[in-house]
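Colleague: Sharing structure31.txt (compact mmCIF, C-alpha atoms and all ligand atoms) below.
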```txt
# COMPACT_ATOMS: atom_id res chain seq x y z
CA MET H 1 77.24 81.06 -79.07
CA THR H 2 73.83 79.54 -79.72
CA VAL H 3 71.72 77.80 -77.10
CA LEU H 4 72.74 74.42 -78.53
CA GLN H 5 76.45 75.28 -78.55
CA VAL H 6 76.27 76.48 -74.94
CA LEU H 7 74.56 73.23 -73.92
CA GLN H 8 77.19 71.16 -75.72
CA ALA H 9 80.12 73.08 -74.23
CA THR H 10 78.63 72.97 -70.71
CA THR H 11 77.93 69.23 -71.02
CA ALA H 12 81.54 68.62 -72.06
CA TYR H 13 82.79 70.72 -69.11
CA PHE H 14 80.60 68.76 -66.68
CA LYS H 15 81.79 65.43 -68.09
CA LYS H 16 85.37 66.52 -67.55
CA HIS H 17 84.52 67.48 -63.96
CA SER H 18 82.70 64.18 -63.22
CA VAL H 19 79.23 65.70 -62.82
CA GLU H 20 76.53 63.01 -63.06
CA SER H 21 73.92 63.50 -65.81
CA PRO H 22 75.98 66.28 -67.44
CA ARG H 23 73.54 67.22 -70.22
CA LEU H 24 70.56 67.36 -67.84
CA ASN H 25 72.50 69.59 -65.43
CA ALA H 26 73.48 71.88 -68.32
CA GLU H 27 69.87 72.18 -69.45
CA HIS H 28 68.60 72.92 -65.93
CA LEU H 29 71.16 75.67 -65.34
CA LEU H 30 70.69 77.33 -68.73
CA ALA H 31 66.89 77.24 -68.40
CA HIS H 32 67.27 78.73 -64.90
CA VAL H 33 69.38 81.72 -66.01
CA LEU H 34 67.15 82.36 -69.03
CA GLY H 35 63.98 82.10 -66.93
CA ARG H 36 62.59 79.40 -69.25
CA LYS H 37 61.26 75.88 -68.80
CA ARG H 38 63.90 73.29 -69.66
CA ILE H 39 61.74 71.90 -72.45
CA ASP H 40 61.49 75.36 -74.07
CA LEU H 41 65.24 75.37 -74.77
CA TYR H 42 64.55 72.84 -77.50
CA LEU H 43 62.51 75.44 -79.37
CA GLU H 44 65.38 77.92 -79.52
CA PHE H 45 68.51 75.85 -80.13
CA GLU H 46 69.68 78.20 -82.88
CA ARG H 47 69.18 81.46 -80.94
CA VAL H 48 72.41 83.34 -80.25
CA LEU H 49 72.84 84.20 -76.56
CA THR H 50 73.99 87.64 -75.50
CA ASP H 51 76.90 88.21 -73.13
CA SER H 52 74.55 89.42 -70.42
CA GLU H 53 72.61 86.14 -70.69
CA LEU H 54 75.80 84.07 -70.51
CA ALA H 55 77.55 85.84 -67.64
CA PRO H 56 75.43 84.41 -64.78
CA LEU H 57 75.62 80.95 -66.32
CA ARG H 58 79.43 80.88 -66.21
CA ALA H 59 79.52 81.30 -62.44
CA LEU H 60 76.89 78.61 -61.86
CA VAL H 61 78.61 76.15 -64.20
CA LYS H 62 81.87 76.62 -62.34
CA ARG H 63 80.22 76.01 -58.96
CA ARG H 64 78.42 72.89 -60.27
CA GLY H 65 81.74 71.60 -61.65
CA GLU H 66 83.19 71.99 -58.15
CA GLY H 67 80.46 69.74 -56.73
CA GLU H 68 77.84 72.18 -55.46
CA PRO H 69 74.45 70.45 -55.73
CA LEU H 70 72.30 71.47 -58.68
CA GLN H 71 69.35 72.07 -56.33
CA HIS H 72 71.35 74.63 -54.30
CA LEU H 73 72.21 76.51 -57.49
CA LEU H 74 68.59 76.48 -58.66
CA GLY H 75 67.31 77.27 -55.15
CA THR H 76 64.49 74.79 -55.59
CA VAL H 77 63.80 71.08 -55.89
CA GLU H 78 60.83 69.18 -57.24
CA PHE H 79 59.48 66.61 -54.80
CA CYS H 80 56.32 64.52 -55.35
CA GLY H 81 55.22 66.94 -58.06
CA HIS H 82 55.59 70.10 -55.94
CA VAL H 83 58.34 72.72 -55.93
CA PHE H 84 60.17 73.30 -52.63
CA LEU H 85 62.82 75.83 -51.68
CA CYS H 86 66.17 74.13 -51.24
CA ASP H 87 69.39 75.46 -49.75
CA LYS H 88 72.21 74.56 -47.38
CA ARG H 89 70.00 74.88 -44.29
CA ALA H 90 68.62 71.35 -44.85
CA MET H 91 69.34 68.17 -46.76
CA VAL H 92 68.54 68.11 -50.47
CA PRO H 93 65.48 65.82 -50.62
CA ARG H 94 66.23 62.52 -52.37
CA PRO H 95 64.17 60.49 -54.87
CA GLU H 96 64.11 57.59 -52.35
CA THR H 97 62.16 59.80 -49.95
CA GLU H 98 59.62 60.52 -52.68
CA GLN H 99 59.16 56.76 -52.84
CA LEU H 100 58.59 56.68 -49.07
CA VAL H 101 55.85 59.31 -49.45
CA GLU H 102 54.27 57.27 -52.27
CA PHE H 103 54.18 54.18 -49.98
CA LEU H 104 52.68 56.25 -47.19
CA LYS H 105 49.95 57.59 -49.47
CA SER H 106 48.82 54.03 -50.13
CA GLU H 107 49.10 53.00 -46.44
CA ILE H 108 47.09 55.89 -44.95
CA GLN H 109 43.48 54.70 -44.80
CA ASN H 110 41.97 57.31 -42.49
CA PRO H 111 41.99 60.76 -44.19
CA LYS H 112 41.85 62.39 -40.75
CA SER H 113 44.98 60.61 -39.53
CA LYS H 114 47.28 62.32 -37.06
CA ILE H 115 50.77 62.22 -38.54
CA LEU H 116 54.22 63.03 -37.15
CA ASP H 117 57.26 63.62 -39.41
CA VAL H 118 60.49 63.26 -37.39
CA GLY H 119 63.58 65.01 -38.81
CA THR H 120 61.49 67.02 -41.25
CA GLY H 121 64.40 68.97 -42.83
CA SER H 122 62.95 71.17 -45.58
CA GLY H 123 59.50 69.79 -44.68
CA VAL H 124 59.00 67.76 -47.84
CA ILE H 125 57.41 64.67 -46.25
CA ALA H 126 55.04 66.58 -43.95
CA LEU H 127 54.03 69.14 -46.59
CA SER H 128 53.53 66.55 -49.37
CA LEU H 129 51.28 64.54 -47.04
CA ALA H 130 49.41 67.71 -46.05
CA ILE H 131 48.63 68.36 -49.73
CA GLU H 132 47.53 64.75 -50.28
CA PHE H 133 45.43 64.49 -47.11
CA PRO H 134 43.68 67.85 -46.57
CA GLU H 135 41.94 66.64 -43.40
CA ALA H 136 44.97 65.08 -41.73
CA GLU H 137 46.50 66.67 -38.64
CA ILE H 138 50.25 66.97 -39.17
CA VAL H 139 53.12 67.78 -36.83
CA ALA H 140 56.75 67.91 -37.95
CA VAL H 141 59.84 68.11 -35.74
CA ASP H 142 63.54 68.72 -36.28
CA ILE H 143 66.47 69.43 -34.00
CA SER H 144 67.86 72.05 -36.41
CA GLU H 145 66.50 75.61 -36.27
CA ASP H 146 67.90 76.27 -39.75
CA ALA H 147 65.97 73.34 -41.19
CA LEU H 148 62.79 74.46 -39.41
CA ALA H 149 63.17 77.97 -40.84
CA LEU H 150 63.38 76.53 -44.36
CA ALA H 151 60.43 74.18 -43.70
CA ASN H 152 58.35 77.15 -42.54
CA GLU H 153 59.25 79.08 -45.70
CA ASN H 154 58.14 76.10 -47.76
CA ALA H 155 54.87 75.92 -45.83
CA THR H 156 54.26 79.62 -46.52
CA ARG H 157 54.99 79.25 -50.23
CA LEU H 158 52.62 76.30 -50.50
CA ASN H 159 49.92 77.98 -48.39
CA LEU H 160 50.11 75.25 -45.79
CA THR H 161 51.08 77.13 -42.63
CA HIS H 162 47.71 76.31 -41.06
CA ARG H 163 48.10 72.60 -41.90
CA VAL H 164 51.50 71.61 -40.48
CA ARG H 165 52.83 72.52 -37.04
CA PHE H 166 56.65 72.67 -37.03
CA LEU H 167 58.43 72.22 -33.69
CA LYS H 168 62.01 72.10 -32.50
CA SER H 169 62.52 68.74 -30.82
CA ASN H 170 65.18 66.14 -30.22
CA LEU H 171 63.33 63.11 -31.65
CA LEU H 172 60.00 62.88 -29.78
CA GLU H 173 60.98 65.00 -26.76
CA HIS H 174 58.55 67.87 -27.50
CA ALA H 175 56.08 66.06 -29.76
CA GLU H 176 53.05 65.86 -27.54
CA GLY H 177 50.13 63.47 -28.04
CA THR H 178 49.69 60.26 -29.97
CA PHE H 179 49.78 59.56 -33.70
CA ASP H 180 48.39 57.14 -36.28
CA LEU H 181 51.62 57.42 -38.24
CA ILE H 182 55.16 58.38 -37.27
CA ALA H 183 57.35 58.75 -40.37
CA ALA H 184 61.06 59.49 -40.27
CA ASN H 185 63.98 59.95 -42.59
CA LEU H 186 66.64 60.50 -39.93
CA PRO H 187 70.40 60.69 -40.49
CA TYR H 188 71.62 57.14 -41.06
CA VAL H 189 75.22 57.42 -42.27
CA SER H 190 78.07 56.33 -40.00
CA ILE H 191 80.60 59.08 -39.38
CA GLU H 192 83.22 56.49 -40.36
CA ASN H 193 81.83 56.44 -43.92
CA ARG H 194 82.40 60.14 -44.47
CA GLU H 195 85.17 59.51 -47.03
CA MET H 196 82.82 57.45 -49.19
CA LEU H 197 80.27 60.22 -49.74
CA SER H 198 79.93 62.21 -52.96
CA ARG H 199 81.01 65.87 -53.18
CA GLU H 200 77.34 66.83 -53.38
CA VAL H 201 76.36 65.06 -50.12
CA LEU H 202 79.11 66.93 -48.28
CA HIS H 203 77.10 70.13 -48.96
CA ASP H 204 74.22 68.78 -46.84
CA PRO H 205 74.34 69.86 -43.18
CA GLU H 206 76.31 67.30 -41.11
CA ILE H 207 73.43 67.00 -38.66
CA ALA H 208 71.21 65.81 -41.54
CA VAL H 209 73.58 63.11 -42.77
CA PHE H 210 75.51 61.57 -39.92
CA ALA H 211 74.42 59.59 -36.89
CA ASP H 212 77.16 58.00 -34.78
CA THR H 213 79.74 55.31 -35.54
CA GLN H 214 77.17 52.66 -36.56
CA GLY H 215 74.86 54.94 -38.50
CA ASP H 216 71.58 53.54 -37.16
CA GLU H 217 71.71 55.01 -33.63
CA LEU H 218 69.03 57.69 -34.14
CA VAL H 219 66.68 55.28 -35.90
CA ARG H 220 67.11 52.79 -33.02
CA GLU H 221 66.37 55.52 -30.50
CA LEU H 222 63.19 56.43 -32.38
CA ILE H 223 62.15 52.75 -32.46
CA ALA H 224 62.51 52.76 -28.66
CA GLN H 225 60.62 56.04 -28.15
CA ALA H 226 57.76 55.64 -30.64
CA PRO H 227 55.55 53.04 -28.85
CA SER H 228 54.46 55.54 -26.19
CA GLN H 229 53.27 57.95 -28.92
CA LEU H 230 51.67 55.57 -31.41
CA ARG H 231 47.93 55.05 -31.19
CA PRO H 232 46.85 51.38 -30.99
CA GLY H 233 47.72 49.85 -34.38
CA GLY H 234 49.62 52.99 -35.39
CA MET H 235 52.45 52.73 -37.89
CA LEU H 236 56.14 53.60 -37.70
CA ALA H 237 57.62 54.18 -41.19
CA LEU H 238 61.39 54.56 -41.56
CA GLU H 239 63.85 55.32 -44.32
CA ILE H 240 67.10 53.51 -43.49
CA GLY H 241 70.66 53.06 -44.76
CA ILE H 242 72.18 50.31 -46.88
CA GLY H 243 72.74 47.11 -44.87
CA GLN H 244 70.78 48.29 -41.81
CA SER H 245 67.52 46.39 -42.40
CA GLU H 246 68.27 43.10 -40.58
CA ALA H 247 69.48 44.67 -37.33
CA LEU H 248 66.62 47.21 -37.30
CA LEU H 249 64.08 44.48 -38.04
CA SER H 250 65.34 42.69 -34.91
CA ALA H 251 65.18 45.93 -32.92
CA LEU H 252 61.52 46.35 -33.92
CA ALA H 253 60.72 42.73 -33.00
CA GLU H 254 62.45 43.11 -29.61
CA LYS H 255 60.25 46.13 -28.83
CA ASN H 256 57.13 44.10 -29.69
CA TYR H 257 56.16 45.86 -32.91
CA ARG H 258 54.05 43.73 -35.26
CA ASP H 259 53.38 43.47 -39.02
CA ILE H 260 57.02 44.34 -39.62
CA SER H 261 57.92 44.62 -43.31
CA PHE H 262 60.42 46.31 -45.57
CA LYS H 263 60.33 47.64 -49.11
CA ASN H 264 63.13 48.17 -51.61
CA ASP H 265 64.01 51.44 -53.29
CA TYR H 266 64.42 51.75 -57.08
CA SER H 267 67.99 50.43 -56.87
CA GLY H 268 66.92 47.29 -55.01
CA VAL H 269 68.21 48.42 -51.58
CA LYS H 270 66.08 47.47 -48.54
CA ARG H 271 65.41 51.13 -47.81
CA PHE H 272 62.05 51.38 -46.01
CA LEU H 273 60.86 49.68 -42.83
CA PHE H 274 57.24 49.61 -41.69
CA ALA H 275 55.83 48.28 -38.42
CA ARG H 276 52.71 48.66 -36.31
CA TYR H 277 52.43 48.86 -32.56
CA GLY H 278 49.64 47.77 -30.22
C1 LIG X 1 68.22 62.83 -43.61
S1 LIG X 1 67.62 64.45 -43.19
C2 LIG X 1 65.96 64.31 -43.81
C3 LIG X 1 65.26 65.59 -44.07
C4 LIG X 1 63.88 65.42 -44.73
N1 LIG X 1 62.98 64.65 -43.89
C5 LIG X 1 64.02 64.76 -46.07
O1 LIG X 1 63.61 63.59 -46.19
O2 LIG X 1 64.52 65.39 -47.01
C6 LIG X 1 67.47 64.23 -41.43
C7 LIG X 1 66.89 65.38 -40.62
O3 LIG X 1 66.85 64.96 -39.25
C8 LIG X 1 67.23 66.05 -38.42
N2 LIG X 1 67.73 65.51 -37.15
C9 LIG X 1 68.97 65.05 -36.83
N3 LIG X 1 69.02 64.63 -35.56
C10 LIG X 1 67.79 64.81 -35.04
C11 LIG X 1 67.21 64.58 -33.76
N4 LIG X 1 67.93 64.04 -32.76
N5 LIG X 1 65.92 64.91 -33.56
C12 LIG X 1 65.19 65.47 -34.57
N6 LIG X 1 65.67 65.71 -35.80
C13 LIG X 1 66.95 65.38 -36.05
C14 LIG X 1 68.25 66.81 -39.22
O4 LIG X 1 68.36 68.15 -38.79
C15 LIG X 1 67.70 66.65 -40.64
O5 LIG X 1 66.88 67.75 -40.99
```
For this file, produce the structure as structure tokens.
Ligand SMILES: C[S@@+](CC[C@H](N)C(=O)[O-])C[C@H]1O[C@@H](n2cnc3c(N)ncnc32)[C@H](O)[C@@H]1O

Modeller:
Amino acid sequence: MTVLQVLQATTAYFKKHSVESPRLNAEHLLAHVLGRKRIDLYLEFERVLTDSELAPLRALVKRRGEGEPLQHLLGTVEFCGHVFLCDKRAMVPRPETEQLVEFLKSEIQNPKSKILDVGTGSGVIALSLAIEFPEAEIVAVDISEDALALANENATRLNLTHRVRFLKSNLLEHAEGTFDLIAANLPYVSIENREMLSREVLHDPEIAVFADTQGDELVRELIAQAPSQLRPGGMLALEIGIGQSEALLSALAEKNYRDISFKNDYSGVKRFLFARYG
């Protein structure tokens, strides 16, 4: 089979198995096994693939058809223009979170800001900010040792081990000191909504996806804890779940935060909450 025929057959297989963006997934996997850039496949559509080139692809295509996330099969994910290791130890970073980082880049005025990333997972928020703000002091916490191990590997790969301090902590328990910015993408899905999640999301660690029965419990707890660790005028920036904005806005107001605002994600969901304290 030629490159083009393999792409067509894989795309058809993915369509049949309800994989979103079937052609794009096919291109990513074929480029991955051939060790090429995706765009380079277009230059060799007519090339006939050998059996030894096709064998590893078959296994990956089967796993993708069964719902394993593309990023787990590739072992990497692109986030804010950088490549991060990605596997089942932490949540696959989402495009919404890239948007959060873009908002933060425009909000951070002081290049020497002290920043805390709560629930860092693979470290994408903390490490992307470390690249953008070379003078910032950055701490990142997570309750999961697996996630922290992956975050540390990402820091090593990106040469940022000296820039971000990763700590095991339940929310702010072990995050000492005060910060100009506390950013968090914590689990915000109610355990009762488990049935509604895609096959891919079920490959994320449970501790990265689910809070309690309401979904917003951990975010609420962080809203309660953050004032004692925000510098005067410091900002709390949160990624939140669908339909959670009104109640969390009230929670922020009750705790005397000011300049409370939200922003929508690309699909029009009120996804990000920002507030200052003191
Ligand atoms: C939704 S994932 C986000 C990961 C990463 N920040 C991202 O945006 O891709 C939430 C992360 O919060 C961590 N987490 C869950 N409960 C926590 C807690 N009580 N304290 C600290 N981290 C927690 C999980 O282990 C997980 O890595």

Colleague: Adding 5 Å on each side of the box along x, y and z that holds all listed atoms of stretch 255-259 of chain H, could you give its centre and edge lengths in Å to one decimal, as lines of an AutoDock Vina configuration file?

Modeller:
```
center_x = 56.8
center_y = 44.8
center_z = -33.9
size_x = 16.9
size_y = 12.7
size_z = 20.2
```

Colleague: Give the residue list for ligand LIG 1 (chain X) at 7 Å, counting all atoms listed in the file, as a count of residues only, sorted by chain and then by residue number.

Modeller: 30

Colleague: Taking (55.9, 42.3, -33.6) in the file's own coordinates, collect the residues within 12 Å, counting only C-alpha atoms, and hand them back as a list in words.

Modeller: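 Neighbouring residues, ordered by chain and number, come to Pro227, Gly233, Met235, Leu249, Ser250, Ala251, Leu252, Ala253, Glu254, Lys255, Asn256, Tyr257, Arg258, Asp259, Ile260, Ser261, Phe274, Ala275, Arg276, Tyr277 and Gly278 of chain H.
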
Colleague: The selected residues should be written to file as a compact mmCIF listing (two decimals), in the coordinates of the input (atoms: C-alpha atoms).

Modeller:
```txt
# COMPACT_ATOMS: atom_id res chain seq x y z
CA PRO H 227 55.55 53.04 -28.85
CA GLY H 233 47.72 49.85 -34.38
CA MET H 235 52.45 52.73 -37.89
CA LEU H 249 64.08 44.48 -38.04
CA SER H 250 65.34 42.69 -34.91
CA ALA H 251 65.18 45.93 -32.92
CA LEU H 252 61.52 46.35 -33.92
CA ALA H 253 60.72 42.73 -33.00
CA GLU H 254 62.45 43.11 -29.61
CA LYS H 255 60.25 46.13 -28.83
CA ASN H 256 57.13 44.10 -29.69
CA TYR H 257 56.16 45.86 -32.91
CA ARG H 258 54.05 43.73 -35.26
CA ASP H 259 53.38 43.47 -39.02
CA ILE H 260 57.02 44.34 -39.62
CA SER H 261 57.92 44.62 -43.31
CA PHE H 274 57.24 49.61 -41.69
CA ALA H 275 55.83 48.28 -38.42
CA ARG H 276 52.71 48.66 -36.31
CA TYR H 277 52.43 48.86 -32.56
CA GLY H 278 49.64 47.77 -30.22
```

Colleague: Would you mind telling me which residue in H:Asp204, H:Asp87, H:Asp51, H:Asp212 lies nearest to H:Gly75 when using all atoms listed in the file?

Modeller: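 Between H:Asp204, H:Asp87, H:Asp51, H:Asp212, the residue approaching H:Gly75 most closely is H:Asp87.
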
Colleague: May I have the residues within 9 Å of H:His203 as a list in words, using all atoms listed in the file and disregarding those fewer than 2 positions away in the same chain?

Modeller: Gly67, Glu68, Pro69, Lys88, Met91, Val92, Arg199, Glu200, Val201, Pro205 and Glu206 of chain H

Colleague: So which residues touch stretch 262-267 of chain H within 10 Å, counting all atoms listed in the file, skipping near sequence neighbours fewer than 3 positions away, as a list in words?

Modeller: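 Close residues of stretch 262-267 of chain H: Pro95, Glu96, Thr97, Gln99, Leu100, Phe103, Ala237, Leu238, Glu239, Ser245, Glu246, Leu249, Lys270, Arg271, Phe272, Leu273, Phe274 and Ala275 of chain H.
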
Colleague: Extract, using all atoms listed in the file, all DNA, RNA and protein residues at most 12 Å from H:Glu53, discarding same-chain residues fewer than 2 positions from it, and format them as an MDAnalysis selection string.

Modeller: chainID H and resid 1:3 6 29:35 47:51 55:59

Colleague: What gap, in Å, lies between atom CA of H:Leu54 and atom CA of H:Thr76?

Modeller: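 These two atoms are separated by 20.9 Å.
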
Colleague: Find the residue from H:Gln244, H:Ser18, H:Thr178, H:Thr156 that sits nearest to H:Ile138; use only C-alpha atoms when measuring.

Modeller: H:Thr178

Colleague: Taking (76.6, 59.4, -41.2) in the coordinates of the supplied file, I want to know which residues reach to within 7 Å of it, counting only C-alpha atoms; could you give the answer as a PDB file with C-alpha atoms, in the coordinates of the input?

Modeller:
```
ATOM      1  CA  PRO H 187      70.400  60.690 -40.490  1.00  0.00           C
ATOM      2  CA  TYR H 188      71.620  57.140 -41.060  1.00  0.00           C
ATOM      3  CA  VAL H 189      75.220  57.420 -42.270  1.00  0.00           C
ATOM      4  CA  SER H 190      78.070  56.330 -40.000  1.00  0.00           C
ATOM      5  CA  ILE H 191      80.600  59.080 -39.380  1.00  0.00           C
ATOM      6  CA  ASN H 193      81.830  56.440 -43.920  1.00  0.00           C
ATOM      7  CA  ARG H 194      82.400  60.140 -44.470  1.00  0.00           C
ATOM      8  CA  VAL H 209      73.580  63.110 -42.770  1.00  0.00           C
ATOM      9  CA  PHE H 210      75.510  61.570 -39.920  1.00  0.00           C
ATOM     10  CA  ALA H 211      74.420  59.590 -36.890  1.00  0.00           C
ATOM     11  CA  ASP H 212      77.160  58.000 -34.780  1.00  0.00           C
ATOM     12  CA  GLY H 215      74.860  54.940 -38.500  1.00  0.00           C
TER      13      GLY H 215
END
```

Colleague: Give me, please, the distance in Å between atom CA of H:Ser198 and atom CA of H:Glu20, quoted to one decimal.

Modeller: 10.7 Å

Colleague: Find the distance between atom CA of H:Leu236 and atom CA of H:Phe84 and write it in Å to one decimal.

Modeller: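 Separation of atom CA of H:Leu236 and atom CA of H:Phe84: 25.0 Å.
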
Colleague: Rank nothing, just name the residue among H:Glu27, H:Glu66, H:Asp40, H:Glu153 nearest to H:Ala9, using only C-alpha atoms.

Modeller: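 Of H:Glu27, H:Glu66, H:Asp40, H:Glu153, the one nearest H:Ala9 is H:Glu27, counting only C-alpha atoms.
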
Colleague: Let me make sure I understand: among H:Leu116, H:Val219, H:Leu7, H:Ala12, which one has the smallest atom-to-atom distance to H:Glu137 if we use all atoms listed in the file?

Modeller: H:Leu116

Colleague: Restore N, CA, C and O atoms in stretch 234-250 of chain H and list the result as a PDB file, keeping the file's coordinate frame.

Modeller:
```
ATOM      1  N   GLY H 234      48.947  51.927 -34.625  1.00  0.00           N
ATOM      2  CA  GLY H 234      49.620  52.990 -35.390  1.00  0.00           C
ATOM      3  C   GLY H 234      50.897  52.486 -36.047  1.00  0.00           C
ATOM      4  O   GLY H 234      51.486  51.485 -35.624  1.00  0.00           O
ATOM      5  N   MET H 235      51.304  53.211 -37.095  1.00  0.00           N
ATOM      6  CA  MET H 235      52.450  52.730 -37.890  1.00  0.00           C
ATOM      7  C   MET H 235      53.690  53.607 -37.730  1.00  0.00           C
ATOM      8  O   MET H 235      53.602  54.836 -37.700  1.00  0.00           O
ATOM      9  N   LEU H 236      54.843  52.918 -37.640  1.00  0.00           N
ATOM     10  CA  LEU H 236      56.140  53.600 -37.700  1.00  0.00           C
ATOM     11  C   LEU H 236      56.709  53.311 -39.089  1.00  0.00           C
ATOM     12  O   LEU H 236      56.777  52.144 -39.502  1.00  0.00           O
ATOM     13  N   ALA H 237      57.088  54.347 -39.834  1.00  0.00           N
ATOM     14  CA  ALA H 237      57.620  54.180 -41.190  1.00  0.00           C
ATOM     15  C   ALA H 237      58.990  54.842 -41.253  1.00  0.00           C
ATOM     16  O   ALA H 237      59.114  56.031 -40.949  1.00  0.00           O
ATOM     17  N   LEU H 238      60.007  54.076 -41.644  1.00  0.00           N
ATOM     18  CA  LEU H 238      61.390  54.560 -41.560  1.00  0.00           C
ATOM     19  C   LEU H 238      62.120  54.437 -42.883  1.00  0.00           C
ATOM     20  O   LEU H 238      62.006  53.400 -43.555  1.00  0.00           O
ATOM     21  N   GLU H 239      62.875  55.469 -43.237  1.00  0.00           N
ATOM     22  CA  GLU H 239      63.850  55.320 -44.320  1.00  0.00           C
ATOM     23  C   GLU H 239      65.176  54.995 -43.661  1.00  0.00           C
ATOM     24  O   GLU H 239      65.560  55.651 -42.681  1.00  0.00           O
ATOM     25  N   ILE H 240      65.875  53.975 -44.162  1.00  0.00           N
ATOM     26  CA  ILE H 240      67.100  53.510 -43.490  1.00  0.00           C
ATOM     27  C   ILE H 240      68.264  53.377 -44.476  1.00  0.00           C
ATOM     28  O   ILE H 240      68.060  53.444 -45.693  1.00  0.00           O
ATOM     29  N   GLY H 241      69.460  53.145 -43.930  1.00  0.00           N
ATOM     30  CA  GLY H 241      70.660  53.060 -44.760  1.00  0.00           C
ATOM     31  C   GLY H 241      70.906  51.659 -45.305  1.00  0.00           C
ATOM     32  O   GLY H 241      70.320  50.677 -44.845  1.00  0.00           O
ATOM     33  N   ILE H 242      71.827  51.596 -46.260  1.00  0.00           N
ATOM     34  CA  ILE H 242      72.180  50.310 -46.880  1.00  0.00           C
ATOM     35  C   ILE H 242      72.731  49.372 -45.803  1.00  0.00           C
ATOM     36  O   ILE H 242      73.570  49.768 -44.988  1.00  0.00           O
ATOM     37  N   GLY H 243      72.224  48.141 -45.784  1.00  0.00           N
ATOM     38  CA  GLY H 243      72.740  47.110 -44.870  1.00  0.00           C
ATOM     39  C   GLY H 243      72.223  47.226 -43.445  1.00  0.00           C
ATOM     40  O   GLY H 243      72.692  46.514 -42.564  1.00  0.00           O
ATOM     41  N   GLN H 244      71.268  48.112 -43.196  1.00  0.00           N
ATOM     42  CA  GLN H 244      70.780  48.290 -41.810  1.00  0.00           C
ATOM     43  C   GLN H 244      69.490  47.512 -41.528  1.00  0.00           C
ATOM     44  O   GLN H 244      69.031  47.455 -40.390  1.00  0.00           O
ATOM     45  N   SER H 245      68.880  46.917 -42.568  1.00  0.00           N
ATOM     46  CA  SER H 245      67.520  46.390 -42.400  1.00  0.00           C
ATOM     47  C   SER H 245      67.437  45.235 -41.388  1.00  0.00           C
ATOM     48  O   SER H 245      66.529  45.213 -40.561  1.00  0.00           O
ATOM     49  N   GLU H 246      68.393  44.288 -41.451  1.00  0.00           N
ATOM     50  CA  GLU H 246      68.270  43.100 -40.580  1.00  0.00           C
ATOM     51  C   GLU H 246      68.324  43.492 -39.114  1.00  0.00           C
ATOM     52  O   GLU H 246      67.486  43.070 -38.311  1.00  0.00           O
ATOM     53  N   ALA H 247      69.320  44.291 -38.741  1.00  0.00           N
ATOM     54  CA  ALA H 247      69.480  44.670 -37.330  1.00  0.00           C
ATOM     55  C   ALA H 247      68.280  45.499 -36.855  1.00  0.00           C
ATOM     56  O   ALA H 247      67.799  45.327 -35.727  1.00  0.00           O
ATOM     57  N   LEU H 248      67.757  46.365 -37.718  1.00  0.00           N
ATOM     58  CA  LEU H 248      66.620  47.210 -37.300  1.00  0.00           C
ATOM     59  C   LEU H 248      65.329  46.400 -37.236  1.00  0.00           C
ATOM     60  O   LEU H 248      64.471  46.650 -36.377  1.00  0.00           O
ATOM     61  N   LEU H 249      65.225  45.401 -38.107  1.00  0.00           N
ATOM     62  CA  LEU H 249      64.080  44.480 -38.040  1.00  0.00           C
ATOM     63  C   LEU H 249      64.059  43.790 -36.681  1.00  0.00           C
ATOM     64  O   LEU H 249      63.024  43.687 -36.026  1.00  0.00           O
ATOM     65  N   SER H 250      65.246  43.341 -36.226  1.00  0.00           N
ATOM     66  CA  SER H 250      65.340  42.690 -34.910  1.00  0.00           C
ATOM     67  C   SER H 250      65.000  43.679 -33.800  1.00  0.00           C
ATOM     68  O   SER H 250      64.326  43.330 -32.832  1.00  0.00           O
TER      69      SER H 250
END
```
